[in-house]
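Enquirer: Have a peek at data.cif (mmCIF, C-alpha atoms).
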data_data
#
loop_
_atom_site.label_atom_id
_atom_site.label_comp_id
_atom_site.auth_asym_id
_atom_site.auth_seq_id
_atom_site.Cartn_x
_atom_site.Cartn_y
_atom_site.Cartn_z
CA MET A 1 -13.78 17.92 19.18
CA GLU A 2 -17.27 18.49 20.50
CA ARG A 3 -20.26 18.93 18.23
CA LEU A 4 -21.93 22.32 18.02
CA GLU A 5 -24.67 23.05 20.51
CA GLU A 6 -28.12 23.05 18.91
CA SER A 7 -28.50 26.71 19.86
CA HIS A 8 -25.56 27.59 17.63
CA ALA A 9 -26.63 25.47 14.65
CA ALA A 10 -28.59 28.19 12.81
CA HIS A 11 -25.78 30.70 13.27
CA PHE A 12 -23.24 28.17 12.02
CA ARG A 13 -25.29 27.53 8.87
CA GLN A 14 -25.29 31.26 8.17
CA LEU A 15 -21.53 31.42 8.71
CA LEU A 16 -21.12 28.49 6.33
CA GLN A 17 -23.07 30.36 3.67
CA TYR A 18 -20.85 33.42 4.15
CA CYS A 19 -17.77 31.18 3.94
CA VAL A 20 -18.79 29.62 0.64
CA GLN A 21 -19.84 32.95 -0.90
CA SER A 22 -16.65 34.67 0.23
CA HIS A 23 -14.30 32.09 -1.23
CA LYS A 24 -16.11 31.28 -4.48
CA ILE A 25 -14.11 32.35 -7.57
CA ASP A 26 -15.55 32.75 -11.06
CA PRO A 27 -14.19 29.79 -13.10
CA ASP A 28 -13.74 32.05 -16.17
CA LEU A 29 -11.06 34.02 -14.29
CA TYR A 30 -8.75 31.02 -14.35
CA THR A 31 -8.82 31.16 -18.15
CA GLU A 32 -8.54 34.96 -18.25
CA TYR A 33 -5.37 34.97 -16.14
CA ASP A 34 -4.00 31.74 -17.70
CA VAL A 35 -3.80 30.11 -14.27
CA LYS A 36 -2.10 26.71 -14.30
CA ARG A 37 -4.61 25.02 -12.00
CA GLY A 38 -3.05 22.06 -10.26
CA LEU A 39 0.27 23.25 -11.76
CA ARG A 40 -0.86 21.89 -15.13
CA ASP A 41 -1.24 23.64 -18.46
CA SER A 42 -4.33 23.52 -20.68
CA ASN A 43 -3.14 20.20 -22.17
CA GLY A 44 -2.77 18.60 -18.76
CA ASN A 45 1.01 18.69 -18.80
CA GLY A 46 2.77 19.47 -15.55
CA VAL A 47 4.38 22.90 -15.17
CA LEU A 48 8.14 22.53 -14.85
CA THR A 49 9.06 23.65 -11.32
CA GLY A 50 12.30 21.84 -10.59
CA LEU A 51 15.03 19.42 -11.61
CA THR A 52 15.78 15.95 -10.27
CA LYS A 53 18.18 13.07 -10.89
CA ILE A 54 16.31 10.62 -8.67
CA SER A 55 13.71 9.18 -11.04
CA ASP A 56 12.20 9.65 -14.48
CA VAL A 57 8.58 9.00 -15.43
CA VAL A 58 8.04 8.49 -19.18
CA GLY A 59 4.63 8.10 -20.78
CA TYR A 60 5.38 9.22 -24.33
CA ASP A 61 7.99 8.93 -27.04
CA VAL A 62 8.87 11.99 -29.12
CA GLU A 63 8.88 11.53 -32.89
CA ASP A 64 9.45 14.45 -35.27
CA GLY A 65 8.89 16.83 -32.38
CA LYS A 66 5.50 15.32 -31.48
CA LYS A 67 4.50 13.28 -28.45
CA VAL A 68 3.51 9.74 -29.34
CA PRO A 69 1.84 7.43 -26.77
CA ALA A 70 4.12 4.60 -25.67
CA ALA A 71 4.47 1.87 -23.08
CA GLY A 72 5.21 3.60 -19.77
CA ARG A 73 8.72 3.57 -18.35
CA LEU A 74 9.94 4.39 -14.87
CA TYR A 75 13.60 4.85 -14.02
CA TYR A 76 15.22 4.85 -10.57
CA GLN A 77 18.52 6.75 -10.75
CA GLY A 78 18.64 5.88 -14.46
CA TYR A 79 17.73 2.19 -14.11
CA ASP A 80 14.54 0.93 -15.78
CA ILE A 81 12.21 -0.39 -13.05
CA ARG A 82 11.34 -3.41 -15.19
CA ASN A 83 14.99 -4.47 -15.37
CA LEU A 84 15.45 -3.84 -11.65
CA VAL A 85 12.45 -6.00 -10.73
CA GLU A 86 13.61 -8.79 -13.06
CA GLY A 87 16.87 -8.84 -11.15
CA PHE A 88 15.08 -8.79 -7.79
CA ILE A 89 12.94 -11.88 -8.42
CA GLY A 90 14.07 -14.70 -6.18
CA HIS A 91 16.10 -12.41 -3.91
CA ARG A 92 15.35 -10.91 -0.48
CA PHE A 93 15.95 -7.25 0.49
CA SER A 94 14.73 -5.86 -2.83
CA PHE A 95 13.21 -2.81 -1.13
CA GLU A 96 16.37 -2.18 0.87
CA THR A 97 18.35 -2.33 -2.37
CA SER A 98 16.00 0.25 -3.89
CA VAL A 99 16.39 2.50 -0.85
CA TYR A 100 20.17 2.34 -1.27
CA LEU A 101 19.84 3.14 -4.99
CA LEU A 102 17.47 6.08 -4.48
CA LEU A 103 19.47 7.66 -1.65
CA PHE A 104 23.00 7.14 -2.98
CA GLY A 105 22.58 6.79 -6.74
CA ILE A 106 24.42 3.47 -6.77
CA LEU A 107 23.04 -0.03 -7.27
CA PRO A 108 24.80 -1.79 -4.38
CA THR A 109 26.89 -4.90 -4.64
CA LYS A 110 26.30 -7.70 -2.14
CA ASP A 111 29.21 -6.42 -0.06
CA GLN A 112 27.76 -2.92 -0.04
CA LEU A 113 24.21 -4.05 0.68
CA ARG A 114 25.06 -6.37 3.59
CA PRO A 115 26.24 -3.68 6.09
CA PHE A 116 23.46 -1.33 4.94
CA VAL A 117 20.78 -3.93 5.70
CA ALA A 118 22.44 -4.64 9.06
CA MET A 119 22.44 -0.92 9.92
CA LEU A 120 18.73 -0.61 9.08
CA ALA A 121 18.01 -3.73 11.16
CA GLU A 122 19.57 -2.06 14.21
CA MET A 123 17.14 0.83 13.73
CA HIS A 124 13.93 -1.25 13.30
CA SER A 125 12.83 -1.44 16.93
CA ILE A 126 10.58 1.02 18.73
CA SER A 127 11.41 1.89 22.34
CA GLY A 128 9.01 0.74 25.03
CA SER A 129 8.42 4.30 26.20
CA PHE A 130 7.50 5.49 22.69
CA LEU A 131 5.20 2.51 22.21
CA ARG A 132 3.49 3.12 25.56
CA ASP A 133 3.36 6.91 25.61
CA VAL A 134 2.67 7.65 21.93
CA ILE A 135 1.41 4.71 19.86
CA LEU A 136 -0.86 3.11 22.44
CA LYS A 137 -2.32 6.40 23.67
CA ALA A 138 -5.11 8.14 21.73
CA SER A 139 -5.39 5.42 19.10
CA ASN A 140 -6.57 6.57 15.69
CA SER A 141 -9.04 4.91 13.33
CA ASN A 142 -7.08 6.28 10.38
CA ILE A 143 -3.58 4.86 10.53
CA MET A 144 -2.20 7.60 8.26
CA ASN A 145 -3.09 10.17 10.93
CA ALA A 146 -1.45 7.93 13.49
CA LEU A 147 1.71 7.87 11.36
CA GLN A 148 1.72 11.66 11.15
CA ARG A 149 1.37 12.02 14.91
CA CYS A 150 4.09 9.45 15.59
CA VAL A 151 6.51 10.99 13.11
CA LEU A 152 6.00 14.45 14.58
CA THR A 153 6.44 13.09 18.10
CA LEU A 154 9.74 11.44 17.15
CA TYR A 155 11.03 15.02 16.96
CA THR A 156 11.00 15.19 20.76
CA TYR A 157 13.08 12.00 20.98
CA ASP A 158 15.82 13.40 18.73
CA ARG A 159 18.51 15.60 20.30
CA GLU A 160 19.47 16.94 16.86
CA ALA A 161 15.93 17.33 15.56
CA GLU A 162 16.50 20.84 14.17
CA ASP A 163 19.82 20.08 12.49
CA VAL A 164 19.18 20.17 8.73
CA SER A 165 22.71 19.31 7.65
CA VAL A 166 22.84 16.62 4.98
CA SER A 167 24.59 14.16 7.33
CA ASN A 168 21.97 14.57 10.06
CA VAL A 169 19.02 14.44 7.67
CA LEU A 170 20.45 11.24 6.16
CA ARG A 171 20.61 9.70 9.64
CA GLN A 172 17.05 10.79 10.38
CA SER A 173 15.84 9.47 7.03
CA LEU A 174 17.36 6.03 7.56
CA GLN A 175 15.88 5.80 11.04
CA LEU A 176 12.42 6.77 9.79
CA ILE A 177 12.60 4.27 6.91
CA ALA A 178 13.56 1.55 9.39
CA LYS A 179 10.98 2.41 12.07
CA LEU A 180 7.88 3.32 10.08
CA PRO A 181 6.82 -0.33 9.40
CA ALA A 182 6.65 -1.14 13.12
CA ILE A 183 4.93 2.18 13.88
CA ALA A 184 2.27 1.42 11.25
CA VAL A 185 1.60 -2.15 12.40
CA TYR A 186 1.57 -1.21 16.09
CA SER A 187 -0.78 1.72 15.37
CA TYR A 188 -3.12 -0.66 13.57
CA TYR A 189 -3.21 -3.05 16.51
CA ALA A 190 -3.71 -0.16 18.94
CA TYR A 191 -6.75 0.84 16.88
CA LYS A 192 -8.04 -2.75 16.78
CA HIS A 193 -7.55 -3.20 20.53
CA PHE A 194 -8.83 0.09 21.91
CA ARG A 195 -11.57 0.79 19.35
CA LYS A 196 -12.62 -2.70 18.23
CA ASP A 197 -11.92 -4.66 21.45
CA ASN A 198 -9.59 -7.10 19.71
CA THR A 199 -6.39 -8.69 20.96
CA LEU A 200 -3.40 -6.36 21.18
CA LEU A 201 -0.51 -7.94 19.25
CA ILE A 202 2.93 -6.38 19.65
CA ARG A 203 5.72 -8.41 18.13
CA ASN A 204 9.29 -7.12 17.83
CA PRO A 205 10.78 -7.06 14.32
CA LYS A 206 13.47 -9.64 13.56
CA LYS A 207 16.93 -8.36 12.66
CA ASP A 208 17.50 -11.07 10.06
CA PHE A 209 14.20 -10.32 8.26
CA SER A 210 13.75 -7.89 5.41
CA ILE A 211 11.36 -4.96 5.86
CA ALA A 212 8.73 -6.82 3.80
CA GLU A 213 9.16 -9.97 5.87
CA ASN A 214 8.95 -8.02 9.11
CA ILE A 215 5.68 -6.37 8.07
CA LEU A 216 4.11 -9.80 7.54
CA TRP A 217 5.77 -11.20 10.69
CA MET A 218 4.52 -8.36 12.90
CA LEU A 219 1.07 -8.20 11.31
CA ARG A 220 0.03 -11.87 11.21
CA GLU A 221 -1.08 -13.60 14.38
CA ASP A 222 0.98 -16.71 13.58
CA GLY A 223 3.83 -14.72 12.04
CA CYS A 224 3.99 -17.13 9.08
CA PHE A 225 4.25 -16.32 5.39
CA THR A 226 5.28 -18.03 2.16
CA PRO A 227 8.30 -17.00 0.06
CA LEU A 228 5.95 -15.76 -2.69
CA GLU A 229 4.02 -13.61 -0.22
CA ALA A 230 7.20 -11.99 1.07
CA GLU A 231 8.48 -11.46 -2.46
CA ALA A 232 5.18 -9.94 -3.61
CA LEU A 233 5.18 -7.40 -0.77
CA ASP A 234 8.88 -6.68 -1.29
CA ILE A 235 8.33 -5.92 -4.98
CA ALA A 236 5.22 -3.85 -4.19
CA LEU A 237 7.34 -1.74 -1.83
CA VAL A 238 9.94 -1.30 -4.58
CA LEU A 239 7.31 -0.14 -7.08
CA HIS A 240 5.80 2.42 -4.70
CA ALA A 241 9.12 3.80 -3.45
CA GLU A 242 9.46 6.69 -5.91
CA HIS A 243 7.66 8.33 -8.80
CA GLY A 244 9.32 11.60 -9.75
CA GLY A 245 9.32 14.97 -8.05
CA GLY A 246 5.96 16.12 -9.38
CA ASN A 247 3.55 13.83 -7.54
CA ASN A 248 1.59 15.58 -4.82
CA SER A 249 3.30 14.17 -1.73
CA THR A 250 6.85 14.45 -3.10
CA PHE A 251 6.22 18.01 -4.26
CA THR A 252 4.89 18.69 -0.77
CA ASP A 253 8.17 17.32 0.58
CA HIS A 254 10.14 19.70 -1.68
CA VAL A 255 7.96 22.68 -0.74
CA VAL A 256 8.15 22.11 3.01
CA THR A 257 11.87 21.24 2.90
CA SER A 258 12.58 24.45 0.98
CA SER A 259 11.35 26.45 3.98
CA GLY A 260 14.26 25.12 6.06
CA THR A 261 12.14 23.16 8.51
CA ASP A 262 13.03 19.88 10.23
CA THR A 263 12.80 16.38 8.77
CA TYR A 264 9.87 15.29 10.93
CA SER A 265 7.72 18.23 9.84
CA ALA A 266 8.52 17.65 6.17
CA ILE A 267 7.75 13.93 6.27
CA ALA A 268 4.57 14.44 8.30
CA ALA A 269 3.36 16.90 5.65
CA SER A 270 4.05 14.36 2.91
CA ILE A 271 2.12 11.70 4.82
CA GLY A 272 -0.82 14.10 5.05
CA SER A 273 -0.70 14.57 1.28
CA LEU A 274 -0.46 10.86 0.54
CA LYS A 275 -3.51 10.14 2.70
CA GLY A 276 -5.83 11.89 0.24
CA PRO A 277 -8.12 9.71 -1.94
CA LYS A 278 -6.84 11.53 -5.05
CA HIS A 279 -3.32 10.34 -4.24
CA GLY A 280 -2.22 7.42 -2.05
CA GLY A 281 -5.71 6.66 -0.80
CA ALA A 282 -6.81 5.68 -4.31
CA ASN A 283 -6.06 1.98 -3.79
CA LEU A 284 -8.68 1.95 -1.03
CA LYS A 285 -11.23 3.39 -3.46
CA VAL A 286 -10.38 0.63 -5.96
CA GLN A 287 -11.05 -2.03 -3.32
CA ASP A 288 -14.32 -0.42 -2.26
CA MET A 289 -15.35 -0.18 -5.90
CA PHE A 290 -14.68 -3.87 -6.53
CA GLU A 291 -16.64 -4.85 -3.43
CA ASP A 292 -19.52 -2.85 -4.87
CA ILE A 293 -19.13 -4.49 -8.31
CA MET A 294 -19.10 -7.98 -6.75
CA GLU A 295 -22.28 -7.22 -4.81
CA ASN A 296 -24.16 -5.81 -7.79
CA CYS A 297 -22.97 -8.04 -10.64
CA GLY A 298 -24.15 -11.59 -10.13
CA ASP A 299 -22.24 -13.15 -13.01
CA TRP A 300 -18.61 -12.00 -13.04
CA GLU A 301 -18.06 -13.60 -16.46
CA ASN A 302 -20.95 -11.75 -18.09
CA GLU A 303 -19.18 -8.90 -19.86
CA GLU A 304 -22.43 -7.22 -20.93
CA GLU A 305 -23.58 -7.05 -17.31
CA LEU A 306 -20.18 -5.76 -16.17
CA SER A 307 -20.04 -3.13 -18.93
CA ALA A 308 -23.55 -1.94 -18.08
CA TYR A 309 -22.62 -1.54 -14.41
CA LEU A 310 -19.33 0.21 -15.20
CA THR A 311 -21.30 2.60 -17.40
CA LYS A 312 -23.58 3.31 -14.44
CA ILE A 313 -20.51 4.14 -12.34
CA LEU A 314 -19.26 6.54 -15.03
CA ASN A 315 -22.72 8.15 -15.22
CA GLN A 316 -22.72 8.77 -11.46
CA GLN A 317 -25.54 6.27 -10.99
CA ALA A 318 -23.65 3.65 -8.97
CA PHE A 319 -20.93 3.12 -6.36
CA ASP A 320 -19.93 6.51 -4.85
CA ARG A 321 -21.59 8.50 -7.66
CA LYS A 322 -18.41 10.44 -8.42
CA GLY A 323 -18.34 9.18 -12.02
CA LEU A 324 -14.91 7.56 -11.68
CA ILE A 325 -13.63 4.06 -12.33
CA TYR A 326 -10.81 4.09 -9.83
CA GLY A 327 -7.44 2.73 -10.89
CA ILE A 328 -8.02 3.49 -14.58
CA GLY A 329 -6.10 6.37 -16.15
CA HIS A 330 -2.91 8.23 -15.30
CA ALA A 331 -1.69 11.81 -15.68
CA VAL A 332 1.54 10.77 -17.45
CA TYR A 333 1.31 7.16 -18.62
CA THR A 334 -0.66 6.40 -21.77
CA GLU A 335 -0.38 2.85 -23.11
CA SER A 336 0.66 1.32 -19.80
CA ASP A 337 1.85 2.00 -16.27
CA PRO A 338 4.93 -0.22 -15.79
CA ARG A 339 4.15 -0.61 -12.09
CA ALA A 340 0.65 -1.88 -12.84
CA VAL A 341 2.02 -4.34 -15.41
CA ILE A 342 4.42 -5.82 -12.84
CA LEU A 343 1.82 -5.86 -10.06
CA LYS A 344 -0.70 -7.59 -12.34
CA ASP A 345 1.78 -10.40 -12.91
CA LEU A 346 2.39 -10.69 -9.15
CA ALA A 347 -1.34 -10.66 -8.46
CA GLU A 348 -1.89 -13.53 -10.89
CA LYS A 349 0.83 -15.59 -9.18
CA LEU A 350 -0.63 -14.92 -5.74
CA ALA A 351 -4.14 -15.73 -6.98
CA ARG A 352 -2.94 -19.13 -8.18
CA GLU A 353 -1.26 -19.84 -4.85
CA LYS A 354 -4.39 -18.86 -2.91
CA GLY A 355 -7.05 -20.29 -5.23
CA LEU A 356 -8.45 -16.85 -6.10
CA GLN A 357 -8.14 -17.08 -9.89
CA GLU A 358 -11.78 -16.12 -10.48
CA GLU A 359 -11.35 -12.89 -8.55
CA PHE A 360 -8.18 -12.07 -10.47
CA LYS A 361 -10.01 -12.72 -13.73
CA LEU A 362 -12.69 -10.25 -12.63
CA TYR A 363 -10.02 -7.56 -12.17
CA ASP A 364 -8.53 -8.38 -15.55
CA ARG A 365 -11.98 -8.23 -17.16
CA VAL A 366 -12.87 -4.89 -15.53
CA GLU A 367 -9.53 -3.43 -16.59
CA ARG A 368 -10.09 -4.47 -20.21
CA LEU A 369 -13.70 -3.28 -20.33
CA SER A 370 -13.06 0.01 -18.51
CA LYS A 371 -10.41 1.42 -20.82
CA PRO A 372 -12.66 2.08 -23.86
CA LEU A 373 -15.58 3.08 -21.63
CA VAL A 374 -13.54 5.73 -19.79
CA ALA A 375 -11.97 6.99 -23.03
CA GLN A 376 -15.39 7.35 -24.62
CA HIS A 377 -16.94 8.96 -21.55
CA ARG A 378 -14.13 11.54 -21.23
CA ARG A 379 -13.78 11.98 -25.01
CA LEU A 380 -10.11 11.05 -24.82
CA PHE A 381 -8.09 10.55 -27.97
CA LYS A 382 -5.03 9.06 -26.27
CA PRO A 383 -4.67 5.53 -24.88
CA ILE A 384 -5.74 4.97 -21.30
CA CYS A 385 -4.28 2.39 -18.93
CA ALA A 386 -4.66 0.85 -15.51
CA ASN A 387 -2.49 2.59 -12.93
CA VAL A 388 -0.55 1.27 -9.94
CA ASP A 389 -3.60 1.45 -7.65
CA PHE A 390 -5.66 -0.98 -9.72
CA TYR A 391 -3.83 -4.13 -8.60
CA SER A 392 -1.95 -3.01 -5.48
CA GLY A 393 -4.99 -3.24 -3.21
CA LEU A 394 -5.80 -6.72 -4.55
CA ILE A 395 -2.26 -7.84 -3.72
CA TYR A 396 -2.46 -6.36 -0.23
CA ARG A 397 -5.78 -8.09 0.39
CA MET A 398 -4.45 -11.45 -0.83
CA LEU A 399 -1.54 -10.93 1.58
CA GLY A 400 -4.01 -10.49 4.43
CA ILE A 401 -3.13 -6.84 4.93
CA PRO A 402 -6.20 -5.02 6.31
CA LYS A 403 -7.67 -2.11 4.38
CA GLU A 404 -6.77 0.25 7.21
CA LEU A 405 -3.10 -0.29 6.36
CA PHE A 406 -3.24 -0.03 2.56
CA THR A 407 -2.19 3.61 2.32
CA SER A 408 0.24 3.21 5.21
CA ILE A 409 2.09 0.50 3.27
CA PHE A 410 2.34 3.04 0.45
CA ALA A 411 3.78 5.58 2.92
CA ILE A 412 6.31 3.05 4.26
CA SER A 413 7.55 2.59 0.71
CA ARG A 414 7.35 6.19 -0.56
CA LEU A 415 9.33 7.39 2.47
CA ALA A 416 12.40 6.25 0.52
CA GLY A 417 11.58 8.63 -2.34
CA TRP A 418 10.62 11.46 0.00
CA SER A 419 13.94 11.09 1.81
CA ALA A 420 15.89 11.15 -1.46
CA HIS A 421 14.07 14.28 -2.64
CA ARG A 422 14.51 16.04 0.71
CA LEU A 423 18.24 15.36 0.53
CA GLU A 424 18.32 16.55 -3.09
CA GLU A 425 16.61 19.80 -2.08
CA LEU A 426 19.10 20.35 0.76
CA VAL A 427 22.21 19.45 -1.26
CA ASN A 428 21.27 21.95 -3.97
CA GLN A 429 20.26 24.69 -1.50
CA GLY A 430 17.22 25.72 -3.47
CA LYS A 431 15.14 28.83 -2.85
CA ILE A 432 11.95 28.65 -0.82
CA ILE A 433 9.16 27.48 -3.13
CA ARG A 434 6.36 30.03 -3.37
CA PRO A 435 4.29 30.17 -6.59
CA ALA A 436 2.21 33.27 -7.32
CA TYR A 437 -1.54 33.73 -6.86
CA GLN A 438 -3.47 36.47 -8.65
CA TYR A 439 -5.79 38.55 -6.45
CA VAL A 440 -9.27 38.72 -8.01
CA GLY A 441 -11.22 40.23 -5.13
CA SER A 442 -12.19 43.87 -4.77
CA HIS A 443 -10.69 46.51 -2.49
CA LYS A 444 -13.16 47.97 -0.02
CA ASN A 445 -13.43 51.11 2.08
CA LEU A 446 -13.87 50.64 5.79
CA VAL A 447 -17.12 52.29 6.92
CA ARG A 448 -16.95 53.46 10.55
#
Output the file's structure in the form of structure tokens.
Expert:
Amino acid sequence: MERLEESHAAHFRQLLQYCVQSHKIDPDLYTEYDVKRGLRDSNGNGVLTGLTKISDVVGYDVEDGKKVPAAGRLYYQGYDIRNLVEGFIGHRFSFETSVYLLLFGILPTKDQLRPFVAMLAEMHSISGSFLRDVILKASNSNIMNALQRCVLTLYTYDREAEDVSVSNVLRQSLQLIAKLPAIAVYSYYAYKHFRKDNTLLIRNPKKDFSIAENILWMLREDGCFTPLEAEALDIALVLHAEHGGGNNSTFTDHVVTSSGTDTYSAIAASIGSLKGPKHGGANLKVQDMFEDIMENCGDWENEEELSAYLTKILNQQAFDRKGLIYGIGHAVYTESDPRAVILKDLAEKLAREKGLQEEFKLYDRVERLSKPLVAQHRRLFKPICANVDFYSGLIYRMLGIPKELFTSIFAISRLAGWSAHRLEELVNQGKIIRPAYQYVGSHKNLVR
């Protein structure tokens, strides 16, 4: 869009002032009306708005009726994510197995998984017309916006786009899960070519590759990767695939689905939610923060220097001056985030393979030092832990995935969970979701 003409600038500033004044609400009114801001109560607990069988997020144990901090647990269709990942190590198609589990509630046997993987492989490719007319036109510097546009445009390529029957939505979901990796990588290269004057690389996905392997194959100029690299990305996709119905993007999926709209609109809305730096974009903030720490702390082993700089960040005197150490703390988990624990182990293995042990040690050191600093700064009396974003960006960077694709990789993975929740909403024929808002303005008489 065009910038405002200079002649309109003063008028726009006045309109901006009116806008802010008009929409400002007295903070005390939220307490007076007991408003659950962010759908959370005064203790920070989420307001119960629905039921799900897809996944369970556990951050506490209950003893004698009281919540007691505990090591975090995450369950996919009843299976502990730690046990699932242990079984996945050394195997390909871990993400595809998780997709099967989340959508159908069954951990597939080899005979069940084989035709499922083959079906997804047939759906991987993007047509030449869609590539030419959609992805390569009007390239976008933010790949998440490119994903939204592409997903919405896929509506016009679907003859049954408006059909919201469970069978049709399942078909659409599987096709989106299969195609989104290529859409993301192609959108990245379109951005690099048209906006950065780099080589345009378009490589077709291989039918015998897993989704994780195809991402690395399509993204890298030589198409090569090690078994550990493929496994690390595969497990990262598994860990990001689902996290309960209450996270912002999945709740968005439930809300939009409840209106009766089409699959492409619902998924595009969820992508828009995930893009936000308070949600899926947080791993980017972690990476930016560590780049800042590396630039401003000369001795990475000097814990006094690191602690002093982290304190500056918390006091809004350094980095982005928001007072946050990104990747530390979680709304549900207390002692640990199981995804972060698994990713930390993967990051250490990758660091050894790539000779980046010192950088990994810096992350480990910052994690350890940040926990008591954040707890003290926020006056928290419960344990605080690193969350999934703390190590995911490090893994992506060690895999050579550009920062522009970090959140898109998250979207590729979380599409599995979104699809499962959309199907759950449709199967149970829930009511349209519309929470209440209290009017706190004043009624006015119109003066003629």
Enquirer: So which residues get picked by the PyMOL selection byres ((chain A and resi 205-215) around 6) here, written as a count of residues only?
Expert: 10
Enquirer: Work out how far apart atom CA of A:Asp364 and atom CA of A:Ile325 are and give it in Å to one decimal.
Expert: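 Those two atoms sit 13.8 Å apart.
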Enquirer: With all atoms listed in the file as the atoms that count, which of A:Met398, A:Leu362, A:Leu51, A:Leu350 lies nearest to A:Pro227?
Expert: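 Looking at the shortest contact to A:Pro227, the residue is A:Leu350.
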Enquirer: Excluding A:Pro372 and residues on its chain fewer than 5 positions from it, collect all residues at most 10 Å away from it, counting only C-alpha atoms, and give them as a list of chain:residue names.
Expert: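 The residues satisfying every condition are A:Glu367, A:His377, A:Arg378, A:Leu380, A:Pro383, A:Ile384, A:Cys385.
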Enquirer: Can you list what the PyMOL selection byres ((chain A and resi 431) around 10) grabs from this structure, as a short mmCIF file (atom, residue, chain, number, x, y, z; two decimals) with C-alpha atoms, in the coordinates of the input?
Expert:
data_model
loop_
_atom_site.label_atom_id
_atom_site.label_comp_id
_atom_site.auth_asym_id
_atom_site.auth_seq_id
_atom_site.Cartn_x
_atom_site.Cartn_y
_atom_site.Cartn_z
CA VAL A 255 7.96 22.68 -0.74
CA SER A 258 12.58 24.45 0.98
CA SER A 259 11.35 26.45 3.98
CA GLY A 260 14.26 25.12 6.06
CA GLU A 425 16.61 19.80 -2.08
CA ASN A 428 21.27 21.95 -3.97
CA GLN A 429 20.26 24.69 -1.50
CA GLY A 430 17.22 25.72 -3.47
CA ILE A 432 11.95 28.65 -0.82
CA ILE A 433 9.16 27.48 -3.13
CA ARG A 434 6.36 30.03 -3.37
#
Enquirer: Which of these residues is nearest to A:Ala386, using all atoms listed in the file: A:Val20, A:Ala232, A:Cys297, A:Ala71?
Expert: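 Using all atoms listed in the file, A:Ala386 sits closest to A:Ala71.
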Enquirer: Using only C-alpha atoms for the distances, tell me which of A:Arg13, A:Gly90, A:His279, A:His243 is nearest to A:Tyr75.
Expert: A:His243
Enquirer: Have a look at A:Leu346, A:Val99, A:Ala331, A:Ala184 and name the one nearest to A:Gly246; count all atoms listed in the file.
Expert: A:Ala331
Enquirer: Here is a test: counting all atoms listed in the file, which residue of A:Arg321, A:Lys278, A:Lys24, A:Arg159 is nearest to A:Val440?
Expert: A:Lys24
Enquirer: Have a look at A:Gln357, A:Asn296, A:Thr311, A:Thr109 and name the one nearest to A:Ser370; count all atoms listed in the file.
Expert: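 Result for the nearest residue to A:Ser370: A:Thr311.
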Enquirer: Return the padded bounding box of stretch 98-111 of chain A as AutoDock Vina command-line options: axis-aligned, built from all atoms listed in the file, 8 Å added on each side, with centre and edge lengths in Å to one decimal.
Expert:
--center_x 22.6 --center_y 0.0 --center_z -3.7 --size_x 29.2 --size_y 31.4 --size_z 23.2
Enquirer: Translate the PyMOL selection byres ((chain A and resi 313) around 12) into a concrete residue list for this structure, as a ChimeraX atom specification.
Expert: /A:289-290,292-293,296,306-312,314-326,370,373-374,377
Enquirer: Compile the contact shell of stretch 31-45 of chain A as a list of chain:residue names: residues with an atom at most 10 Å away, counting all atoms listed in the file, same-chain residues fewer than 3 positions apart removed.
Expert: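 Listed by chain and then number, they are A:Asp26, A:Pro27, A:Asp28, A:Leu48, A:Thr49, A:Gly246, A:Asn248, A:Ala331, A:Val332, A:Pro435, A:Ala436, A:Tyr437, A:Gln438, A:Val440.
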Enquirer: List the neighbours of stretch 406-414 of chain A out to 6 Å using only C-alpha atoms; skip same-chain residues closer than 3 positions along the sequence, and give me the result as a PyMOL selection string.
Expert: chain A and resi 144+237+240-242+280-281+403+417
Enquirer: What does the distance from atom CA of A:Ser129 to atom CA of A:Ser173 come to in Å, to one decimal?
Expert: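 Atom CA of A:Ser129 sits 21.2 Å away from atom CA of A:Ser173.
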Enquirer: Please compute the atom CA of A:Leu426-atom CA of A:Glu122 distance, one decimal, in Å.
Expert: 26.1 Å
Enquirer: Find the spatial neighbours of A:Asp262, counting all atoms listed in the file, within a cut-off of 7 Å - ignore same-chain residues fewer than 6 positions away - and output them as a PDB file with C-alpha atoms, in the frame of the given file.
Expert:
ATOM      1  CA  ALA A 161      15.930  17.330  15.560  1.00  0.00           C
ATOM      2  CA  GLU A 162      16.500  20.840  14.170  1.00  0.00           C
ATOM      3  CA  VAL A 164      19.180  20.170   8.730  1.00  0.00           C
TER       4      VAL A 164
END
Enquirer: So that I can check the surroundings of stretch 193-195 of chain A, please list as a ChimeraX atom specification every protein, DNA and RNA residue that reaches within 8 Å of it, counting all atoms listed in the file and ignoring chain neighbours fewer than 4 positions away.
Expert: /A:139,141,189,199-200
